[in-house]
$ cat protein_21.txt   # compact mmCIF, C-alpha atoms
# COMPACT_ATOMS: atom_id res chain seq x y z
CA MET A 3 2.40 -18.76 -28.35
CA ASN A 4 4.82 -17.39 -30.92
CA THR A 5 8.24 -16.55 -29.58
CA VAL A 6 11.13 -14.71 -31.14
CA LYS A 7 14.38 -16.64 -31.35
CA LYS A 8 17.97 -15.86 -32.20
CA PHE A 9 18.47 -16.88 -35.78
CA SER A 10 18.84 -20.52 -36.74
CA TRP A 11 17.88 -21.27 -40.32
CA LYS A 12 16.72 -24.78 -39.39
CA MET A 13 14.08 -23.54 -36.99
CA GLY A 14 10.44 -24.19 -37.77
CA ARG A 15 8.23 -21.48 -39.17
CA MET A 16 6.81 -19.14 -36.59
CA LEU A 17 3.23 -18.31 -37.44
CA LYS A 18 1.50 -15.60 -35.55
CA ARG A 19 -2.24 -15.28 -35.66
CA GLY A 20 -3.73 -11.98 -34.73
CA CYS A 21 -6.76 -9.76 -34.98
CA LYS A 22 -7.04 -6.09 -35.78
CA GLU A 23 -9.75 -5.19 -33.28
CA ALA A 24 -8.93 -2.12 -31.26
CA VAL A 25 -5.38 -2.05 -32.57
CA ALA A 26 -5.58 0.11 -35.67
CA ALA A 27 -7.40 2.92 -33.89
CA GLY A 28 -4.57 3.48 -31.44
CA LEU A 29 -1.70 2.70 -33.77
CA CYS A 30 -0.42 6.19 -34.45
CA PHE A 31 -0.60 7.11 -30.77
CA LEU A 32 1.36 4.08 -29.68
CA ILE A 33 4.19 4.35 -32.18
CA MET A 34 7.32 5.90 -30.68
CA THR A 35 9.22 8.16 -33.03
CA VAL A 36 13.00 7.89 -33.34
CA ALA A 37 14.23 10.74 -35.49
CA GLY A 38 17.16 10.75 -37.89
CA CYS A 39 19.28 8.11 -39.60
CA GLY A 40 21.78 7.50 -36.85
CA SER A 41 21.88 4.36 -34.73
CA ARG A 42 23.91 2.90 -31.91
CA GLY A 43 27.40 2.06 -33.02
CA VAL A 44 28.28 -1.54 -33.72
CA HIS A 45 30.19 -1.93 -30.47
CA GLU A 46 27.96 0.10 -28.19
CA PRO A 47 25.55 -1.48 -25.69
CA LEU A 48 22.17 -2.42 -27.16
CA ASN A 49 19.50 -2.87 -24.50
CA GLU A 50 20.31 -6.05 -22.54
CA LYS A 51 22.41 -7.65 -25.28
CA THR A 52 26.16 -7.99 -25.05
CA LYS A 53 27.97 -4.86 -26.11
CA ASP A 54 29.80 -6.52 -29.00
CA GLN A 55 26.60 -7.59 -30.75
CA VAL A 56 24.06 -5.81 -32.90
CA VAL A 57 20.66 -7.50 -32.90
CA ILE A 58 18.44 -6.97 -35.95
CA ARG A 59 14.86 -8.16 -35.62
CA ILE A 60 13.61 -9.10 -39.09
CA ALA A 61 10.17 -10.23 -40.28
CA TRP A 62 8.90 -11.59 -43.58
CA TRP A 63 6.02 -13.55 -45.07
CA GLY A 64 6.28 -16.56 -47.35
CA GLU A 65 6.25 -20.33 -47.64
CA GLU A 66 8.72 -22.72 -46.03
CA GLU A 67 10.99 -22.50 -49.08
CA ARG A 68 11.38 -18.76 -48.51
CA ASP A 69 12.13 -19.42 -44.87
CA GLY A 70 14.90 -21.79 -45.88
CA VAL A 71 16.59 -19.53 -48.42
CA THR A 72 16.24 -16.47 -46.18
CA GLY A 73 17.76 -18.45 -43.33
CA LYS A 74 20.79 -19.35 -45.40
CA ILE A 75 21.23 -15.71 -46.42
CA LEU A 76 21.05 -14.47 -42.84
CA GLU A 77 23.46 -17.15 -41.71
CA LEU A 78 25.94 -16.16 -44.42
CA TYR A 79 25.69 -12.48 -43.50
CA SER A 80 26.31 -13.26 -39.83
CA GLN A 81 29.36 -15.29 -40.79
CA MET A 82 30.68 -12.29 -42.74
CA HIS A 83 29.68 -9.88 -39.94
CA PRO A 84 30.00 -11.76 -36.63
CA GLU A 85 28.83 -8.73 -34.70
CA VAL A 86 25.34 -9.01 -36.27
CA VAL A 87 22.74 -11.34 -34.77
CA PHE A 88 19.30 -11.78 -36.32
CA GLU A 89 16.06 -12.45 -34.50
CA THR A 90 13.51 -13.70 -37.02
CA GLN A 91 9.76 -13.82 -37.41
CA SER A 92 8.16 -15.68 -40.31
CA PHE A 93 4.47 -15.54 -41.16
CA SER A 94 2.10 -16.79 -43.78
CA TRP A 95 0.80 -13.99 -46.01
CA ASN A 96 -2.66 -14.23 -44.44
CA ASN A 97 -1.26 -13.64 -40.95
CA TYR A 98 1.59 -11.25 -41.72
CA TYR A 99 0.03 -7.83 -41.36
CA ASP A 100 -2.09 -8.86 -38.38
CA GLY A 101 1.13 -9.88 -36.63
CA ILE A 102 3.08 -6.78 -37.67
CA LEU A 103 0.16 -4.54 -36.71
CA GLN A 104 0.14 -5.90 -33.18
CA GLU A 105 3.91 -5.57 -32.86
CA THR A 106 3.74 -1.99 -34.11
CA ALA A 107 0.91 -1.04 -31.78
CA LYS A 108 3.04 -2.15 -28.84
CA GLY A 109 5.97 -0.06 -30.06
CA GLU A 110 7.84 -3.26 -30.91
CA MET A 111 7.84 -3.28 -34.69
CA PRO A 112 10.71 -5.43 -36.04
CA ASP A 113 13.72 -3.41 -37.18
CA LEU A 114 13.61 -4.75 -40.72
CA ILE A 115 10.25 -5.51 -42.32
CA GLN A 116 9.40 -7.13 -45.61
CA MET A 117 6.81 -4.68 -46.93
CA ASP A 118 4.26 -5.01 -49.74
CA TYR A 119 3.37 -2.31 -52.28
CA GLN A 120 -0.22 -2.59 -51.13
CA TYR A 121 0.61 -1.48 -47.58
CA ILE A 122 3.64 0.78 -47.82
CA ARG A 123 1.54 3.95 -47.97
CA THR A 124 -0.57 2.92 -44.97
CA TYR A 125 2.48 2.18 -42.81
CA SER A 126 4.23 5.32 -44.05
CA GLU A 127 1.34 7.63 -43.26
CA ASN A 128 0.94 6.30 -39.73
CA GLY A 129 4.59 7.07 -39.01
CA SER A 130 5.87 3.50 -38.77
CA LEU A 131 8.61 3.58 -41.42
CA ALA A 132 11.93 5.40 -41.52
CA ASP A 133 13.08 7.52 -44.47
CA LEU A 134 16.02 5.67 -46.04
CA ALA A 135 17.09 8.45 -48.41
CA CYS A 136 20.02 9.47 -46.22
CA PHE A 137 21.49 5.97 -46.47
CA VAL A 138 21.32 6.16 -50.25
CA GLU A 139 22.88 9.60 -50.23
CA ASP A 140 25.80 8.56 -48.01
CA GLY A 141 26.44 5.35 -49.98
CA THR A 142 25.39 2.85 -47.33
CA ILE A 143 22.82 1.57 -49.83
CA ARG A 144 24.36 1.59 -53.31
CA THR A 145 21.95 2.27 -56.17
CA GLN A 146 24.25 2.86 -59.16
CA ASP A 147 22.99 -0.28 -60.97
CA ILE A 148 19.31 0.31 -60.21
CA ASP A 149 16.86 2.03 -62.55
CA GLU A 150 15.67 5.29 -60.97
CA LYS A 151 12.00 4.48 -61.64
CA ILE A 152 12.34 1.20 -59.77
CA LEU A 153 14.02 2.90 -56.83
CA ASP A 154 11.38 5.64 -56.79
CA SER A 155 8.60 3.09 -56.33
CA GLY A 156 9.56 3.08 -52.65
CA MET A 157 8.92 6.83 -52.37
CA VAL A 158 5.87 7.95 -50.38
CA ASP A 159 5.19 11.67 -50.12
CA GLY A 160 8.78 12.53 -50.98
CA GLU A 161 10.43 10.08 -48.57
CA LEU A 162 12.08 6.75 -49.38
CA LYS A 163 10.13 4.32 -47.21
CA GLY A 164 11.28 1.08 -48.80
CA ILE A 165 14.04 -0.40 -50.96
CA VAL A 166 12.70 -2.64 -53.71
CA LEU A 167 13.93 -6.24 -53.54
CA GLY A 168 12.74 -7.30 -56.99
CA THR A 169 10.26 -6.57 -59.73
CA THR A 170 7.34 -8.71 -60.80
CA ALA A 171 4.23 -8.65 -62.96
CA LEU A 172 0.85 -10.33 -62.89
CA SER A 173 0.86 -13.65 -64.69
CA MET A 174 -1.35 -16.60 -65.35
CA VAL A 175 0.24 -19.84 -64.17
CA TYR A 176 -0.90 -23.02 -65.89
CA ASN A 177 -0.30 -26.69 -65.21
CA SER A 178 0.73 -28.35 -68.47
CA ASP A 179 -0.26 -31.82 -67.20
CA VAL A 180 -3.87 -30.67 -66.75
CA PHE A 181 -3.89 -29.18 -70.25
CA ASP A 182 -2.50 -32.42 -71.64
CA GLU A 183 -5.19 -34.38 -69.82
CA ALA A 184 -7.84 -32.12 -71.36
CA GLY A 185 -6.22 -32.44 -74.77
CA ILE A 186 -6.13 -28.72 -75.42
CA PRO A 187 -3.22 -26.48 -76.53
CA TYR A 188 -1.30 -24.44 -73.99
CA PRO A 189 -2.25 -20.76 -73.82
CA ASP A 190 0.03 -18.15 -75.33
CA GLY A 191 0.45 -14.46 -74.77
CA GLU A 192 -2.01 -13.55 -77.50
CA TRP A 193 -5.13 -15.03 -75.90
CA ASN A 194 -8.14 -12.87 -75.06
CA TRP A 195 -10.78 -13.12 -72.35
CA GLU A 196 -13.19 -15.07 -74.56
CA GLU A 197 -10.50 -17.66 -75.28
CA PHE A 198 -9.62 -17.75 -71.58
CA MET A 199 -13.25 -18.53 -70.74
CA ASP A 200 -13.41 -21.25 -73.39
CA ILE A 201 -10.24 -22.91 -72.06
CA CYS A 202 -11.54 -22.91 -68.49
CA MET A 203 -14.84 -24.43 -69.59
CA GLN A 204 -13.10 -27.10 -71.66
CA ILE A 205 -10.88 -28.17 -68.76
CA LYS A 206 -13.94 -28.57 -66.56
CA GLU A 207 -15.87 -30.50 -69.22
CA LYS A 208 -13.02 -32.84 -70.20
CA THR A 209 -11.35 -33.47 -66.85
CA GLY A 210 -13.86 -32.53 -64.17
CA LYS A 211 -11.22 -30.22 -62.69
CA TYR A 212 -11.32 -26.49 -62.21
CA GLY A 213 -10.31 -24.57 -65.30
CA LEU A 214 -9.60 -21.53 -63.13
CA ALA A 215 -8.48 -22.49 -59.64
CA MET A 216 -8.41 -19.21 -57.74
CA THR A 217 -10.66 -16.50 -56.40
CA PRO A 218 -10.93 -13.23 -58.37
CA ILE A 219 -11.70 -11.27 -55.20
CA LEU A 220 -8.71 -11.97 -52.96
CA ASP A 221 -7.48 -8.42 -53.57
CA LEU A 222 -7.76 -5.74 -56.25
CA ASN A 223 -4.77 -6.66 -58.41
CA LEU A 224 -6.59 -8.58 -61.15
CA TYR A 225 -9.45 -6.09 -61.08
CA GLN A 226 -6.95 -3.25 -61.43
CA TYR A 227 -5.53 -5.00 -64.51
CA TRP A 228 -9.07 -5.29 -65.88
CA VAL A 229 -9.78 -1.59 -65.25
CA ARG A 230 -6.54 -0.50 -66.90
CA GLN A 231 -7.43 -2.53 -69.98
CA GLN A 232 -10.45 -0.28 -70.35
CA GLY A 233 -8.17 2.75 -70.51
CA GLU A 234 -9.05 3.78 -66.94
CA GLU A 235 -7.32 3.71 -63.57
CA LEU A 236 -8.67 2.15 -60.41
CA PHE A 237 -8.16 5.32 -58.35
CA LEU A 238 -7.91 9.00 -59.21
CA PRO A 239 -4.42 10.48 -58.80
CA ASP A 240 -5.39 12.10 -55.47
CA GLN A 241 -6.73 8.69 -54.33
CA ARG A 242 -9.91 10.22 -52.95
CA SER A 243 -12.30 8.32 -55.20
CA LEU A 244 -12.44 5.56 -57.78
CA GLY A 245 -10.82 6.49 -61.07
CA TYR A 246 -13.30 4.96 -63.53
CA GLU A 247 -16.70 6.51 -64.18
CA GLU A 248 -18.83 3.70 -65.59
CA ASP A 249 -20.06 0.87 -63.37
CA SER A 250 -20.13 -1.33 -66.47
CA VAL A 251 -16.39 -1.88 -65.82
CA TYR A 252 -17.19 -3.65 -62.54
CA VAL A 253 -20.23 -5.41 -64.00
CA GLY A 254 -18.23 -6.99 -66.82
CA TYR A 255 -15.63 -8.29 -64.38
CA VAL A 256 -17.96 -9.97 -61.89
CA GLU A 257 -20.23 -11.38 -64.61
CA LEU A 258 -17.28 -13.08 -66.32
CA PHE A 259 -16.22 -14.89 -63.16
CA LYS A 260 -19.81 -15.60 -62.09
CA GLU A 261 -20.31 -17.47 -65.35
CA LEU A 262 -17.29 -19.64 -64.57
CA MET A 263 -18.52 -20.28 -61.02
CA ASP A 264 -22.04 -21.14 -62.18
CA ALA A 265 -20.51 -23.74 -64.54
CA GLU A 266 -18.30 -25.01 -61.68
CA ALA A 267 -15.29 -24.24 -63.83
CA ALA A 268 -14.06 -22.02 -60.96
CA PRO A 269 -14.69 -22.33 -57.21
CA ASN A 270 -17.23 -20.06 -55.56
CA PRO A 271 -16.08 -18.07 -52.50
CA ASP A 272 -17.10 -20.71 -49.94
CA THR A 273 -15.42 -23.51 -51.87
CA TRP A 274 -12.30 -21.42 -52.30
CA ALA A 275 -12.17 -20.66 -48.56
CA ALA A 276 -12.10 -24.41 -47.88
CA ILE A 277 -9.36 -24.90 -50.50
CA ASP A 278 -7.27 -21.98 -49.31
CA VAL A 279 -6.77 -23.32 -45.78
CA ARG A 280 -4.63 -26.10 -47.26
CA GLY A 281 -1.93 -23.56 -48.09
CA THR A 282 -0.21 -22.55 -51.30
CA ARG A 283 1.75 -25.76 -51.76
CA GLU A 284 -1.53 -27.73 -51.77
CA SER A 285 -3.39 -25.34 -54.06
CA PRO A 286 -5.21 -26.98 -57.02
CA VAL A 287 -2.88 -25.91 -59.82
CA ILE A 288 0.15 -27.11 -57.85
CA ILE A 289 -1.26 -30.59 -57.17
CA GLY A 290 -2.94 -31.05 -60.55
CA GLU A 291 -6.55 -30.35 -59.56
CA GLY A 292 -6.82 -27.15 -61.60
CA GLY A 293 -5.59 -25.70 -64.86
CA ILE A 294 -4.92 -21.99 -64.33
CA THR A 295 -4.35 -19.57 -61.49
CA LEU A 296 -3.26 -15.94 -61.16
CA GLU A 297 0.04 -15.14 -59.49
CA TRP A 298 3.06 -12.86 -59.63
CA ASN A 299 5.77 -14.14 -61.91
CA ASN A 300 8.15 -15.17 -59.10
CA PHE A 301 5.60 -17.88 -58.24
CA LEU A 302 7.47 -20.39 -60.43
CA VAL A 303 10.64 -19.91 -58.43
CA ARG A 304 8.77 -20.28 -55.14
CA MET A 305 6.87 -23.38 -56.25
CA ASP A 306 9.39 -25.18 -58.46
CA TYR A 307 10.24 -27.36 -55.45
CA ASN A 308 6.70 -28.75 -55.57
CA ASN A 309 5.85 -28.96 -59.28
CA SER A 310 8.10 -28.42 -62.28
CA ASP A 311 5.17 -28.61 -64.76
CA LEU A 312 4.06 -25.04 -64.10
CA HIS A 313 4.41 -22.36 -66.76
CA LEU A 314 3.84 -18.61 -67.05
CA VAL A 315 1.81 -16.70 -69.59
CA THR A 316 0.69 -13.08 -69.64
CA PRO A 317 -2.96 -12.54 -68.61
CA PRO A 318 -5.68 -12.40 -71.29
CA LEU A 319 -5.95 -9.33 -73.47
CA ALA A 320 -8.95 -7.07 -73.80
CA GLU A 321 -10.67 -6.84 -77.15
CA GLY A 322 -8.65 -4.54 -79.38
CA ASN A 323 -5.71 -4.54 -76.92
CA GLU A 324 -5.51 -0.77 -77.11
CA HIS A 325 -4.43 -0.17 -73.51
CA PRO A 326 -1.54 -1.85 -71.66
CA GLY A 327 -3.10 -3.29 -68.54
CA LEU A 328 0.07 -4.74 -67.05
CA TRP A 329 2.61 -2.93 -64.94
CA MET A 330 5.93 -3.92 -63.43
CA LYS A 331 5.36 -3.98 -59.70
CA PRO A 332 7.86 -3.97 -56.89
CA SER A 333 7.60 -7.56 -55.69
CA MET A 334 8.23 -6.34 -52.16
CA PHE A 335 10.42 -3.96 -50.20
CA PHE A 336 12.63 -3.99 -47.17
CA SER A 337 11.51 -1.18 -44.90
CA VAL A 338 13.06 -0.11 -41.62
CA ALA A 339 11.01 0.70 -38.54
CA GLN A 340 11.06 4.29 -37.37
CA THR A 341 11.43 2.91 -33.83
CA SER A 342 14.55 0.90 -34.72
CA GLY A 343 17.80 1.69 -32.93
CA VAL A 344 19.84 -0.09 -35.63
CA LYS A 345 18.75 1.72 -38.79
CA ARG A 346 22.22 2.00 -40.27
CA GLU A 347 22.94 -1.68 -39.67
CA CYS A 348 19.65 -2.56 -41.39
CA ALA A 349 20.60 -0.33 -44.32
CA ALA A 350 23.98 -2.07 -44.65
CA PHE A 351 22.23 -5.46 -44.76
CA ILE A 352 19.77 -4.22 -47.41
CA ASP A 353 22.71 -3.05 -49.54
CA TRP A 354 24.33 -6.47 -49.32
CA PHE A 355 21.02 -8.24 -50.02
CA ILE A 356 20.36 -6.39 -53.30
CA ASN A 357 23.92 -5.87 -54.55
CA SER A 358 26.00 -8.89 -53.57
CA GLU A 359 26.50 -11.87 -55.83
CA GLU A 360 26.76 -14.09 -52.74
CA ALA A 361 23.23 -13.26 -51.56
CA ASN A 362 21.69 -13.43 -55.01
CA ALA A 363 23.38 -16.73 -55.82
CA LEU A 364 21.28 -18.13 -52.98
CA LEU A 365 18.12 -16.15 -53.81
CA LYS A 366 18.09 -16.79 -57.58
CA GLY A 367 15.18 -14.38 -57.97
CA GLU A 368 13.04 -15.88 -55.20
CA ARG A 369 11.80 -12.40 -54.29
CA GLY A 370 11.37 -11.28 -57.91
CA VAL A 371 13.64 -10.25 -60.75
CA PRO A 372 16.68 -8.60 -59.09
CA ILE A 373 16.69 -4.81 -59.34
CA SER A 374 20.44 -4.56 -59.94
CA GLU A 375 21.28 -4.80 -63.62
CA LYS A 376 24.70 -6.19 -62.70
CA ILE A 377 23.13 -8.98 -60.64
CA ARG A 378 20.58 -9.85 -63.35
CA LYS A 379 23.36 -10.23 -65.93
CA SER A 380 25.41 -12.30 -63.51
CA LEU A 381 22.55 -14.72 -62.86
CA LEU A 382 21.60 -15.08 -66.52
CA ALA A 383 25.23 -15.86 -67.38
CA ASP A 384 25.16 -18.77 -64.96
CA GLU A 385 24.61 -21.94 -67.02
CA GLY A 386 23.42 -23.65 -63.86
CA LEU A 387 20.53 -21.20 -63.35
CA PRO A 388 17.44 -23.37 -62.81
CA ALA A 389 14.76 -23.38 -65.52
CA ALA A 390 12.17 -21.77 -63.22
CA GLN A 391 14.39 -18.75 -62.58
CA ARG A 392 15.32 -18.42 -66.25
CA GLY A 393 11.65 -18.70 -67.19
CA MET A 394 10.78 -15.92 -64.76
CA PHE A 395 13.39 -13.62 -66.29
CA CYS A 396 12.19 -14.39 -69.83
CA PHE A 397 8.58 -13.79 -68.82
CA ALA A 398 9.55 -10.39 -67.42
CA ASP A 399 11.11 -9.46 -70.76
CA GLU A 400 7.87 -10.44 -72.53
CA ALA A 401 5.63 -8.68 -70.00
CA VAL A 402 7.49 -5.37 -70.32
CA ARG A 403 6.06 -4.98 -73.85
CA ARG A 404 2.58 -4.85 -72.34
CA CYS A 405 3.31 -2.68 -69.35
CA GLY A 406 2.19 0.86 -68.80
CA ASP A 407 3.31 3.09 -65.96
CA ALA A 408 2.96 1.47 -62.56
CA PRO A 409 0.11 2.82 -60.45
CA PRO A 410 1.08 4.53 -57.20
CA PRO A 411 1.03 2.51 -53.97
CA GLU A 412 -2.48 1.62 -52.86
CA PRO A 413 -4.21 4.29 -50.77
CA ALA A 414 -4.63 4.21 -47.04
CA GLY A 415 -7.79 2.29 -46.26
CA ILE A 416 -7.03 -0.38 -48.86
CA ASP A 417 -8.05 -3.18 -46.47
CA GLY A 418 -11.55 -1.74 -46.24
CA ILE A 419 -11.75 -1.32 -50.01
CA ASN A 420 -10.62 -4.92 -50.54
CA GLU A 421 -13.28 -6.06 -48.10
CA ALA A 422 -15.99 -4.02 -49.85
CA PHE A 423 -14.93 -5.44 -53.20
CA ALA A 424 -15.10 -9.02 -51.95
CA LYS A 425 -18.44 -8.57 -50.15
CA THR A 426 -20.23 -6.88 -53.04
CA ALA A 427 -18.92 -9.33 -55.64
CA THR A 428 -19.81 -12.31 -53.42
CA ALA A 429 -23.38 -11.05 -53.11
CA CYS A 430 -23.55 -11.07 -56.91
CA PHE A 431 -21.95 -14.51 -57.23
CA TYR A 432 -24.67 -15.95 -54.95
CA ASP A 433 -27.51 -14.05 -56.69
CA VAL A 434 -28.23 -11.96 -53.60
CA THR A 435 -27.85 -8.81 -55.72
CA THR A 436 -27.45 -8.04 -59.40
CA ALA A 437 -24.06 -7.10 -60.79
CA GLU A 438 -25.31 -3.55 -61.30
CA GLU A 439 -26.42 -3.28 -57.66
CA ALA A 440 -23.10 -4.72 -56.50
CA ALA A 441 -21.20 -2.20 -58.66
CA ALA A 442 -23.12 0.72 -57.21
CA GLU A 443 -22.60 -0.48 -53.65
CA PHE A 444 -18.87 -1.00 -54.20
CA ARG A 445 -18.54 2.51 -55.63
CA ARG A 446 -20.42 4.01 -52.68
CA ARG A 447 -18.38 2.17 -50.07
CA ALA A 448 -14.98 2.61 -51.78
CA ASN A 449 -15.50 6.35 -52.29
CA GLU A 450 -16.61 6.69 -48.69
CA ILE A 451 -13.41 5.02 -47.44
CA LEU A 452 -11.17 6.99 -49.80
CA ALA A 453 -12.75 10.28 -48.79
CA GLU A 454 -12.37 9.45 -45.10
CA TYR A 455 -8.67 8.56 -45.37
CA GLY A 456 -7.99 11.42 -47.77
CA LYS A 457 -8.96 14.12 -45.30

$ encode --input "protein_21.txt" --output "structure tokens"
Amino acid sequence: MNTVKKFSWKMGRMLKRGCKEAVAAGLCFLIMTVAGCGSRGVHEPLNEKTKDQVVIRIAWWGEEERDGVTGKILELYSQMHPEVVFETQSFSWNNYYDGILQETAKGEMPDLIQMDYQYIRTYSENGSLADLACFVEDGTIRTQDIDEKILDSGMVDGELKGIVLGTTALSMVYNSDVFDEAGIPYPDGEWNWEEFMDICMQIKEKTGKYGLAMTPILDLNLYQYWVRQQGEELFLPDQRSLGYEEDSVYVGYVELFKELMDAEAAPNPDTWAAIDVRGTRESPVIIGEGGITLEWNNFLVRMDYNNSDLHLVTPPLAEGNEHPGLWMKPSMFFSVAQTSGVKRECAAFIDWFINSEEANALLKGERGVPISEKIRKSLLADEGLPAAQRGMFCFADEAVRRCGDAPPPEPAGIDGINEAFAKTATACFYDVTTAEEAAAEFRRRANEILAEYGK
């Protein structure tokens, strides 16, 4: 059983497994609303805690390395603010939203939640997240050094439901040792999808290892990149239906990856499921069993502890390269629960987290490229900045040239759309249906979900 503990950065990870059955349906009903931006004063009684303490319950996802660096940051903040005590919950990505969903349904959502762009709209629309605009307006959260567009990415329906912790972009991560073993040149930012396919096939032929060691159906991020390269958007602006008209967009995507799977140059869904249970640190590209994977560009910083032979390159280009498929994405947010009684204290911690040199000297971009221009310059001026962090910053500079406007946060119902995407593509991968049949079924199911949530 997972228990919540007062903060000690040396504690083991607390993983919480959960299921969504019967929880989502009653979520909105069970959430208690606490209006306004005020909170109990620092020295006022807080439930059963001592009156001179403020307890902030905080939750995040990530690997053990993130747990360690986050622990050090929380410990430092508590040393600077002895009245603040943290209670922490750490999850793997696969378990995070199941755990948070259950906490929220019980009216016990953590005060401070690491929130993903994919879910911020869903948790905003069900009333879970507080509007943080008043804390920006009164200076509790300082935003003078933050680009307005980056800050606005946390806006949902006119309310600021999250403060961005960093920016990131889709990237291909390759293991240079595997490329050396195959005797082929490293990829560069000018490669196209045909060259990508050829590289993956060569790695398989010459080493017996996976050329592409990932699944293309984990979520919709790579597919969204693919769609944008065709000059389309995944969803219409009102998010009530898919944004592209021709099913050939979907067909081209699944057929490309099916060809790799059929050649065993990429794992099929069942094989990937068996690989994935090992965890990120044991994934094929990390341990030298695969050549390429897809990740966000802060992956190098997170994984540099495990393998320093990993490198970033922008994803393959579409023929003609007429449309910028990439976008700079908020790596994640800190959001504050609407039920929290310590909103202002959470806001003060967020301000310190994004604006202080002390916090960012420990983070070094672990949660993405810092949003504060002042902090970015400070880190880059540090001659001791590790190569992985410097590489991430340089990659971001390169990626910006290929970025269009960021799409809005994913629509409510995104879990169901992800599931429909994975199920229809899997049926094609295993020759249960044709790519055309899978495309039509995905369109039907996705539009059905979007229409239902858009009412």

$ residues_near_point --input "protein_21.txt" --point "(-7.9, -0.7, -60.5)" --cutoff "6 Å" --atoms "only C-alpha atoms" --output "list of chain:residue names"
A:Tyr225, A:Gln226, A:Val229, A:Glu235, A:Leu236

$ atom_distance --input "protein_21.txt" --atom1 "CA of Val279 (chain A)" --atom2 "CA of Val303 (chain A)"
21.8 Å

$ residues_around --input "protein_21.txt" --residues "region 188-203 of chain A" --least-positions-apart "3" --cutoff "7 Å" --atoms "all atoms listed in the file" --output "number ranges by chain"
A: 181, 206-207, 213-214, 267, 315-316, 318-321

$ closest_residue --input "protein_21.txt" --among "A:Asn270, A:Lys163, A:Gly292, A:Arg283" --to "Lys211 (chain A)" --atoms "all atoms listed in the file"
A:Gly292

$ closest_residue --input "protein_21.txt" --among "A:Ala408, A:Met157, A:Leu365, A:Val338" --to "Ile352 (chain A)" --atoms "only C-alpha atoms"
A:Val338

$ atom_distance --input "protein_21.txt" --atom1 "CA of Leu296 (chain A)" --atom2 "CA of Leu244 (chain A)"
23.6 Å

$ residues_around --input "protein_21.txt" --residues "Val251 (chain A)" --least-positions-apart "5" --cutoff "9 Å" --atoms "only C-alpha atoms" --output "PyMOL selection string"
chain A and resi 228-229+232+246+441

$ atom_distance --input "protein_21.txt" --atom1 "CA of Pro332 (chain A)" --atom2 "CA of Glu375 (chain A)"
15.0 Å

$ closest_residue --input "protein_21.txt" --among "A:Leu220, A:Ala389, A:Leu238, A:Ile294" --to "Ala424 (chain A)" --atoms "only C-alpha atoms"
A:Leu220

$ closest_residue --input "protein_21.txt" --among "A:Ser94, A:Ser250, A:Ser285, A:Thr170" --to "Gly367 (chain A)" --atoms "only C-alpha atoms"
A:Thr170

$ closest_residue --input "protein_21.txt" --among "A:Ala275, A:Leu452, A:Ala427, A:Leu76" --to "Tyr252 (chain A)" --atoms "all atoms listed in the file"
A:Ala427

$ decode --input "protein_21.txt" --residues "region 296-328 of chain A" --atoms "C-alpha atoms" --output "PDB file, in the first residue's frame"
ATOM      1  CA  LEU A 296      11.446   9.102 -30.035  1.00  0.00           C
ATOM      2  CA  GLU A 297      11.522  11.312 -26.969  1.00  0.00           C
ATOM      3  CA  TRP A 298      11.262  14.900 -25.777  1.00  0.00           C
ATOM      4  CA  ASN A 299      14.563  16.708 -25.828  1.00  0.00           C
ATOM      5  CA  ASN A 300      15.028  16.733 -22.035  1.00  0.00           C
ATOM      6  CA  PHE A 301      15.469  12.946 -22.298  1.00  0.00           C
ATOM      7  CA  LEU A 302      19.256  13.362 -22.532  1.00  0.00           C
ATOM      8  CA  VAL A 303      19.351  15.164 -19.213  1.00  0.00           C
ATOM      9  CA  ARG A 304      17.172  12.527 -17.573  1.00  0.00           C
ATOM     10  CA  MET A 305      19.162   9.598 -18.978  1.00  0.00           C
ATOM     11  CA  ASP A 306      22.725  10.927 -18.987  1.00  0.00           C
ATOM     12  CA  TYR A 307      23.258   9.093 -15.693  1.00  0.00           C
ATOM     13  CA  ASN A 308      22.741   5.804 -17.545  1.00  0.00           C
ATOM     14  CA  ASN A 309      24.337   6.348 -20.964  1.00  0.00           C
ATOM     15  CA  SER A 310      26.430   9.267 -22.190  1.00  0.00           C
ATOM     16  CA  ASP A 311      26.467   7.979 -25.810  1.00  0.00           C
ATOM     17  CA  LEU A 312      22.978   9.284 -26.564  1.00  0.00           C
ATOM     18  CA  HIS A 313      22.448  12.148 -28.989  1.00  0.00           C
ATOM     19  CA  LEU A 314      19.545  14.265 -30.228  1.00  0.00           C
ATOM     20  CA  VAL A 315      18.447  14.969 -33.778  1.00  0.00           C
ATOM     21  CA  THR A 316      15.270  16.544 -35.112  1.00  0.00           C
ATOM     22  CA  PRO A 317      12.714  14.029 -36.457  1.00  0.00           C
ATOM     23  CA  PRO A 318      12.696  13.168 -40.180  1.00  0.00           C
ATOM     24  CA  LEU A 319      11.358  15.704 -42.646  1.00  0.00           C
ATOM     25  CA  ALA A 320       8.475  15.198 -45.029  1.00  0.00           C
ATOM     26  CA  GLU A 321       9.172  15.309 -48.738  1.00  0.00           C
ATOM     27  CA  GLY A 322       9.474  18.936 -49.797  1.00  0.00           C
ATOM     28  CA  ASN A 323       9.598  20.113 -46.152  1.00  0.00           C
ATOM     29  CA  GLU A 324       6.970  22.739 -46.876  1.00  0.00           C
ATOM     30  CA  HIS A 325       5.252  22.639 -43.490  1.00  0.00           C
ATOM     31  CA  PRO A 326       6.898  22.909 -40.055  1.00  0.00           C
ATOM     32  CA  GLY A 327       5.728  19.852 -38.174  1.00  0.00           C
ATOM     33  CA  LEU A 328       7.509  20.590 -34.913  1.00  0.00           C
TER      34      LEU A 328
END
